[in-house]
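Presented below is the structure to which this report refers.
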Amino acid sequence: MLYDLHCHSTASDGSLSPTELVQLAVAKNIDYLSITDHDTVEGLQEAGNAAKGHNIKLINGIEFSVSWYNKTIHIVGLNIEPDNQQLIDGINKLQNYRLYRAQEISKDLQ
């Protein structure tokens with residue numbers, strides 16, 4: 001069995017769309033694939049649609065980047081429920097904070 005449990009699509013910082021990632025995994029005979037985009041589940045539905053009719057098992061995933069004791073830590077979540085409201089709320093809070101932080105950095109640079 002071949003696994004790829006940590007890859008990124010264009011939904012975050014990857015260079016392939018979710019569909020292209022599934023197609024590549026199928027071509028490479030990957031049995032289990034998890035797309036773990038940074039702070040988003042936006043590509044999972046597209047990946048699921050692309051996997052239909054192929055012999056590949058998708059595992060819903062995400063990667064969070066968090067700070068802890070002044071260090072950045074990447075947390076990969078596997079087998080998540082992408083429509084879970086608590087998860088969606090947490091993603092939205094994180095994205096809103098990042099936007100606010102970028103705006104504050106921009107003000108400081110000006």
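By order in the structure tokens, chains are A, B, ...; within a chain, residues start at 1; ligands start at 1, following the order shown.
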
Next item on the list: Would you list the contacts of Val26 of chain A as number ranges by chain, taking every protein, DNA or RNA residue within 9 Å and counting only C-alpha atoms, but skipping same-chain residues closer than 6 positions in sequence?
Entry: A: 51, 54-56

Margin query: Run DSSP on the backbone and tell me which residues of chain A come out as helix (DSSP H, G or I); list them as a PyMOL selection string.
Written below: chain A and resi 18-27+44-51+85-109

Next item on the list: Could you tell me how far atom CA of Glu42 of chain A lies from atom CA of Asp4 of chain A, in Å and to one decimal?
Entry: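 Atom CA of Asp4 of chain A lies at a distance of 18.8 Å from atom CA of Glu42 of chain A.
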
Checklist line | Members of segment 3-104 of chain A assigned strand (DSSP E or B) by DSSP, as a PyMOL selection string | finding: chain A and resi 3-7+32-35+38+57-58+61-68+71-78

Restricting the output to C-alpha atoms, write the selected residues as a PDB file, in the first residue's frame.
```
ATOM      1  CA  TYR A   3       0.273   6.517   1.198  1.00  0.00           C
ATOM      2  CA  ASP A   4       0.695  10.262   0.733  1.00  0.00           C
ATOM      3  CA  LEU A   5      -0.733  11.886   3.844  1.00  0.00           C
ATOM      4  CA  HIS A   6       0.619  15.413   3.513  1.00  0.00           C
ATOM      5  CA  CYS A   7       0.297  17.371   0.303  1.00  0.00           C
ATOM      6  CA  TYR A  32      -4.418   6.615   0.231  1.00  0.00           C
ATOM      7  CA  LEU A  33      -4.158  10.366  -0.303  1.00  0.00           C
ATOM      8  CA  SER A  34      -4.704  13.231   2.087  1.00  0.00           C
ATOM      9  CA  ILE A  35      -4.705  16.828   0.935  1.00  0.00           C
ATOM     10  CA  HIS A  38      -2.868  25.242   5.148  1.00  0.00           C
ATOM     11  CA  LYS A  57      -9.031   6.430  -0.842  1.00  0.00           C
ATOM     12  CA  LEU A  58      -9.081  10.081   0.201  1.00  0.00           C
ATOM     13  CA  GLY A  61      -7.022  16.628   6.059  1.00  0.00           C
ATOM     14  CA  ILE A  62      -5.813  20.082   7.024  1.00  0.00           C
ATOM     15  CA  GLU A  63      -2.600  21.666   8.285  1.00  0.00           C
ATOM     16  CA  PHE A  64      -2.659  24.399  10.890  1.00  0.00           C
ATOM     17  CA  SER A  65       0.319  26.633  11.593  1.00  0.00           C
ATOM     18  CA  VAL A  66       0.332  27.860  15.167  1.00  0.00           C
ATOM     19  CA  SER A  67       2.718  29.676  17.459  1.00  0.00           C
ATOM     20  CA  TRP A  68       3.672  28.140  20.777  1.00  0.00           C
ATOM     21  CA  LYS A  71       7.967  28.783  17.838  1.00  0.00           C
ATOM     22  CA  THR A  72       5.909  27.935  14.789  1.00  0.00           C
ATOM     23  CA  ILE A  73       4.430  24.472  14.881  1.00  0.00           C
ATOM     24  CA  HIS A  74       2.618  22.748  12.028  1.00  0.00           C
ATOM     25  CA  ILE A  75      -0.224  20.479  13.091  1.00  0.00           C
ATOM     26  CA  VAL A  76      -1.581  18.059  10.512  1.00  0.00           C
ATOM     27  CA  GLY A  77      -5.121  16.848  11.079  1.00  0.00           C
ATOM     28  CA  LEU A  78      -6.237  13.665   9.334  1.00  0.00           C
TER      29      LEU A  78
END
```

Next item on the list: For Ala11 of chain A, please output as a list in words all residues within 12 Å (counting only C-alpha atoms; exclusion window: fewer than 3 positions along the same chain).
Entry: Cys7, His8, Gly14, Ser15, Leu16, Ser17, Pro18, Thr19, Glu20, Leu21, Ile35, Thr36, Asp37, His38, Asp39, Thr40, Val41, Glu42, Gly43, Leu44, Gln45, Glu46, Ala47, Ile62 and Glu63 of chain A

Please produce a file of those selected residues containing N, CA and C atoms, as a tab-separated table (two decimals), in the first residue's frame.
```
chain	number	residue	atom	x	y	z
A	7	CYS	N	0.01	16.62	1.52
A	7	CYS	CA	0.30	17.37	0.30
A	7	CYS	C	-0.62	18.59	0.23
A	8	HIS	N	-0.19	19.58	-0.50
A	8	HIS	CA	-0.90	20.86	-0.59
A	8	HIS	C	-1.35	21.11	-2.02
A	14	GLY	N	0.08	25.04	-2.70
A	14	GLY	CA	0.55	24.01	-3.63
A	14	GLY	C	0.54	24.51	-5.06
A	15	SER	N	1.16	23.75	-5.93
A	15	SER	CA	1.23	24.15	-7.34
A	15	SER	C	0.25	23.39	-8.23
A	16	LEU	N	-0.42	22.37	-7.67
A	16	LEU	CA	-1.42	21.61	-8.42
A	16	LEU	C	-2.80	21.79	-7.79
A	17	SER	N	-3.82	21.78	-8.64
A	17	SER	CA	-5.19	21.86	-8.13
A	17	SER	C	-5.52	20.55	-7.41
A	18	PRO	N	-6.58	20.54	-6.60
A	18	PRO	CA	-6.97	19.27	-5.97
A	18	PRO	C	-7.20	18.16	-7.00
A	19	THR	N	-7.83	18.49	-8.12
A	19	THR	CA	-8.06	17.51	-9.18
A	19	THR	C	-6.74	16.99	-9.72
A	20	GLU	N	-5.80	17.88	-9.99
A	20	GLU	CA	-4.49	17.46	-10.51
A	20	GLU	C	-3.74	16.60	-9.50
A	21	LEU	N	-3.86	16.91	-8.21
A	21	LEU	CA	-3.20	16.08	-7.19
A	21	LEU	C	-3.76	14.67	-7.19
A	35	ILE	N	-5.07	15.45	1.26
A	35	ILE	CA	-4.70	16.83	0.93
A	35	ILE	C	-4.84	17.62	2.23
A	36	THR	N	-3.72	18.19	2.67
A	36	THR	CA	-3.66	18.87	3.95
A	36	THR	C	-3.27	20.33	3.73
A	37	ASP	N	-4.14	21.06	3.05
A	37	ASP	CA	-3.87	22.46	2.78
A	37	ASP	C	-3.79	23.27	4.06
A	38	HIS	N	-3.03	24.36	4.00
A	38	HIS	CA	-2.87	25.24	5.15
A	38	HIS	C	-4.17	25.98	5.45
A	39	ASP	N	-4.72	25.73	6.63
A	39	ASP	CA	-5.81	26.52	7.19
A	39	ASP	C	-7.05	26.59	6.31
A	40	THR	N	-7.30	25.56	5.51
A	40	THR	CA	-8.49	25.55	4.68
A	40	THR	C	-8.87	24.12	4.32
A	41	VAL	N	-10.18	23.95	4.09
A	41	VAL	CA	-10.69	22.67	3.60
A	41	VAL	C	-11.32	22.87	2.22
A	42	GLU	N	-11.03	23.99	1.61
A	42	GLU	CA	-11.67	24.37	0.34
A	42	GLU	C	-11.44	23.38	-0.80
A	43	GLY	N	-10.33	22.68	-0.82
A	43	GLY	CA	-10.04	21.78	-1.94
A	43	GLY	C	-10.56	20.36	-1.76
A	44	LEU	N	-11.11	20.05	-0.60
A	44	LEU	CA	-11.47	18.66	-0.33
A	44	LEU	C	-12.64	18.15	-1.17
A	45	GLN	N	-13.64	18.98	-1.38
A	45	GLN	CA	-14.78	18.54	-2.19
A	45	GLN	C	-14.35	18.28	-3.64
A	46	GLU	N	-13.55	19.20	-4.19
A	46	GLU	CA	-13.04	19.01	-5.55
A	46	GLU	C	-12.24	17.71	-5.64
A	47	ALA	N	-11.40	17.45	-4.66
A	47	ALA	CA	-10.60	16.23	-4.65
A	47	ALA	C	-11.51	15.00	-4.59
A	62	ILE	N	-6.10	18.65	6.92
A	62	ILE	CA	-5.81	20.08	7.02
A	62	ILE	C	-4.48	20.23	7.75
A	63	GLU	N	-3.81	21.34	7.53
A	63	GLU	CA	-2.60	21.67	8.28
A	63	GLU	C	-2.76	23.05	8.89
```

Margin query: At a cut-off of 10 Å, using only C-alpha atoms, what residues contact Glu81 of chain A? Leave out same-chain residues fewer than 3 positions from it and give the result as a ChimeraX atom specification.
Written below: /A:41,59-61,78,84-88

Notebook entry, point to check: Between atom CA of Gly48 of chain A and atom CA of Leu99 of chain A, what is the spacing in Å?
Noted result: 28.7 Å

Notebook entry, point to check: In Å, how far is it from atom CA of Asp31 of chain A to atom CA of Leu2 of chain A?
Noted result: 5.2 Å
